[in-house]
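Heads up, the thing below is written out as structure tokens.
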Amino acid sequence: MIDFTPLMRKSMRNRLEEQLRYKDHADSVQQEQLVSLIEHAALTEFGRKYDFSTVRTYRQFASTVPLHHYEDLREPIMRMVRGEADVLWRGRTRNFAQSSGTSGGKSKYIPITADSFRLNHYRGSADVVAHYLNLNPESRIMSGKGLILGGSYANELDLKPGVRVGDLSANLIDNINPVVNLFRVPSKKIALMEDWRQKLPAIIRASASENVTNLSGVPSWFLAVLRGVMEYRGVECIHDVWPNLEVFFHGGIAFEPYRKQYESFCDMSKMHFLDTYNASEGFFAVQSDWSTTAMLLLLDVGIFYEFIPVENSGDEHPAALPAWEVEAGRTYELVITACNGLWRYRIGDTVKVQSVKPLKITIAGRTQSFINAFGEELMVYNAEYAVEHAAAATGASVLNYTAAPVFASDGRKAHHQWIFEFDREPADMALFVRVLDEKLKQVNSDYEAKRGGDIFLDAPQVVVARRGVFDDWLASTGKLGGQRKVPRLANNRLIADAILTLNME
């Protein structure tokens with residue numbers, strides 16, 4: 001196959017230079033985005049409701065439009081799903097990303113408008129490649145194909161002709177420029193298969209003989225694919241199958257707990273890993289420097305960002321800050337206004353600002369994925385850090401995990417219960433638990449205080465689950481597939497108890 005990388009590098013150079021110039025101008029770039037969004041939605045039902053024809057500044061916008069959770073927008077979004085035009089965004093929306101359920105158990109349907117395909121999702125994907133080419137001058141990424149691990153469409157709604165609901169990745173693959181299909185595997189037919197248990201072997205067979213140079217997907221799910229490919233070909237290093245494989249564009253969950261597993265079967269003289277922040281609601285950020293996993297916030301991709309200080313996130317009417325007023329080192333709840341019709345939308349993620357010029361972030365966790373049953377305020381990034389160190393200290397390899405509180409009873413103090421599915425169990429389980437506990441204390445002063453002297457909170461309990469139990473749980477929820485993820489932390493026992501029940505079967 002001809003190497004088109006030099007041509008792509010040349011075409012993306014201007015875009016990269018444009019982004020790098022933005023580092024000192026977050027205010028002007030973001031305000032320009034906001035004005036454009038308001039103008040484009042002025043004649044929608046939402047725009048007329050808030051008199052967008054008179055709104056021109058951020059202060060006007062913030063004082064006029066309230067912050068929204070999904071339930072605040074469910075009714076107009078469902079009208080869009082049923083085919084109504086000009087509701088939250090101009091025109092009719094044909095595609096919707098089905099996302100995790102709300103507290104009421106209902107699925108969320110995130111609009112993917114024609115503008116968000118063009119201005120955000122596909123542009124963000126191109127920006128990832130642009131930054132990678134900048135970081136790797138020796139790249140030959142376009143000399144082969146990309147293996148993209150995607151989801152499928154859903155069939156739970158009675159939809160009008162032409163309207164599609166499913167995983168974000170299914171929508172993206174289905175609507176991609178046909179030319180791109182020449183550079184990706186598997187075929188669209190396989191990529192959109194609904195049953196993951198049939199889809200996985202089909203992906204393995206379809207990709208095992210291709211010249212794969214790059215991977216895109218969620219780390220936990222790609223492990224099963226890559227191991228399946230190696231088993232199918234009878235090798236122990238993925239580069240014995242794909243000698244030109246050079247990069248994994250990963251996102252969805254933290255990569256660090258999986259890094260050693262990938263390094264164990266990759267030729268690390270050839271392999272690179274690049275972090276991305278691509279959610280159903282939008283493509284937000286990409287790693288732009290090998291020296292840090294902090295990601296550059298994409299400021300000109302059809303999204304206006306706001307940030308609520310995480311300590312104020314639970315307030316009835318929290319104040320939000322624009323991108324140009326955030327401070328490095330602080331953690332915020334992320335709020336977006338985007339060309340998909342989500343206005344001042346609280347997506348449920350928290351991010352830590354690592355630098356402001358340029359504006360770089362890391363994902364801190366979910367606003368609903370934490371444990372604070374006893375005042376410990378344990379966040380996902382605390383958990384990822386501690387699990388990574390506990391695994392490293394004991395030679396363990398973690399496939400999946402979740403944690404939940406256990407309340408005091410029968411003479412035992414309250415504690416956290418961690419359910420782990422291991423690829424390789426710790427050589428010393430007592431040491432694993434001890435390191436997990438100590439690292440949580442190290443990064444979380446509230447946890448450390450509650451654990452002090454074993455008075456309020458006892459040491460964590462680790463349950464070793466059987467292989468496949470997390471997949472079984474995902475399947476039981478109807479969410480088994482390439483883009484589905486197990487919540488790492490929960491402030492109740494609904495998920496933990498369901499997994500423990502399955503673990504006994």
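Residues are named by chain letter and number: chains run A, B, ... in the order of the structure tokens, numbers start at 1 in each chain, and ligands are numbered from 1 in the order shown.
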
Please provide the set of residues having any atom within 9 Å of segment 217-228 of chain A, restricted to only C-alpha atoms, with same-chain residues fewer than 5 positions apart removed, written as a ChimeraX atom specification. /A:147-150,200-201,203-204,233,236,238,248-255,258-259,261-262,265,399-400,481-485

So which bits of segment 238-464 of chain A end up helix (DSSP H, G or I) when you DSSP the backbone, as a VMD selection string? chain A and resid 238 to 240 256 to 265 310 to 312 323 to 325 380 to 394 429 to 443 445 to 454

If you count only C-alpha atoms, which residues fall within 12 Å of Leu245 of chain A, apart from same-chain ones fewer than 4 positions away, as a PyMOL selection string? chain A and resi 139-147+210-216+226+237-241+249+266-273

Produce a file of the selected residues containing C-alpha atoms, as a compact mmCIF listing (two decimals), in the first residue's frame.
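Ended up saving to selection11.txt:
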```
# COMPACT_ATOMS: atom_id res chain seq x y z
CA SER A 139 5.45 8.04 11.34
CA ARG A 140 4.19 5.98 8.41
CA ILE A 141 0.67 5.72 9.80
CA MET A 142 -0.98 6.05 6.39
CA SER A 143 0.98 3.17 4.89
CA GLY A 144 -1.59 0.76 6.34
CA LYS A 145 -4.97 0.69 8.03
CA GLY A 146 -6.49 1.68 11.35
CA LEU A 147 -8.34 -0.85 13.49
CA GLU A 210 -4.29 -6.76 7.40
CA ASN A 211 -1.44 -4.24 7.60
CA VAL A 212 -2.63 -2.45 10.74
CA THR A 213 -0.63 0.66 11.70
CA ASN A 214 -2.92 2.23 14.32
CA LEU A 215 -5.61 1.37 16.86
CA SER A 216 -8.50 3.47 18.18
CA LEU A 226 -5.43 -8.04 20.56
CA CYS A 237 3.78 -10.23 20.41
CA ILE A 238 1.22 -8.20 18.48
CA HIS A 239 4.00 -6.82 16.29
CA ASP A 240 4.58 -10.33 14.96
CA VAL A 241 1.12 -9.94 13.42
CA PHE A 249 -5.25 6.30 20.19
CA CYS A 266 4.01 -4.89 22.19
CA ASP A 267 7.42 -4.11 20.71
CA MET A 268 7.92 -0.88 22.61
CA SER A 269 10.63 0.30 20.23
CA LYS A 270 7.82 0.77 17.71
CA MET A 271 4.75 1.53 19.83
CA HIS A 272 3.24 4.82 21.02
CA PHE A 273 0.15 5.52 23.15
```

Assign secondary structure with DSSP using the backbone only, and return the residues of segment 29-168 of chain A in strand (DSSP E) as a short mmCIF file (atom, residue, chain, number, x, y, z; two decimals) with C-alpha atoms, in the first residue's frame.
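The resulting file, out-v6.cif, is shown below:
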```
data_model
loop_
_atom_site.label_atom_id
_atom_site.label_comp_id
_atom_site.auth_asym_id
_atom_site.auth_seq_id
_atom_site.Cartn_x
_atom_site.Cartn_y
_atom_site.Cartn_z
CA ASN A 95 -28.32 10.64 14.60
CA PHE A 96 -28.27 10.16 18.37
CA ALA A 97 -25.66 8.59 20.64
CA GLN A 98 -27.20 6.33 23.24
CA SER A 99 -25.34 6.91 26.47
CA LYS A 108 -29.75 9.16 27.44
CA TYR A 109 -29.88 10.14 23.78
CA ILE A 110 -27.25 12.69 22.81
CA PRO A 111 -27.95 14.53 19.54
CA ILE A 112 -25.27 14.24 16.85
CA LYS A 145 -4.97 0.69 8.03
CA GLY A 146 -6.49 1.68 11.35
CA LEU A 147 -8.34 -0.85 13.49
CA ILE A 148 -11.26 1.02 15.01
CA ARG A 164 -30.41 6.15 13.96
CA VAL A 165 -29.72 5.65 17.67
CA GLY A 166 -26.71 3.77 19.03
#
```

Hey, what's within 10 Å of segment 72-74 of chain A if we count only C-alpha atoms and toss same-chain stuff fewer than 2 positions away? As a PyMOL selection string, please? chain A and resi 67-70+76-80+88+108-110+341-343+345

Suppose you want the space between atom CA of Pro257 of chain A and atom CA of Pro487 of chain A; what is it in Å?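 Atom CA of Pro257 of chain A sits 14.5 Å away from atom CA of Pro487 of chain A.
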
Looking at A:Asn503, A:Arg90, A:Gly453, A:Asn134, which one is nearest to Ala114 of chain A, with distances taken over only C-alpha atoms?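 Going through A:Asn503, A:Arg90, A:Gly453, A:Asn134 one by one, the smallest distance to Ala114 of chain A is for A:Arg90.
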
Leaving out Val443 of chain A and any residue of its chain fewer than 5 positions from it, which residues lie within 9 Å of it when counting only C-alpha atoms, given as a PyMOL selection string? chain A and resi 382+385-386+438+448

Between atom CA of Thr276 of chain A and atom CA of Asn312 of chain A lies a distance of 26.8 Å

Could you tell me how far atom CA of Arg488 of chain A lies from atom CA of Leu502 of chain A, in Å and to one decimal?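 Answer for the atom CA of Arg488 of chain A to atom CA of Leu502 of chain A separation: 17.4 Å.
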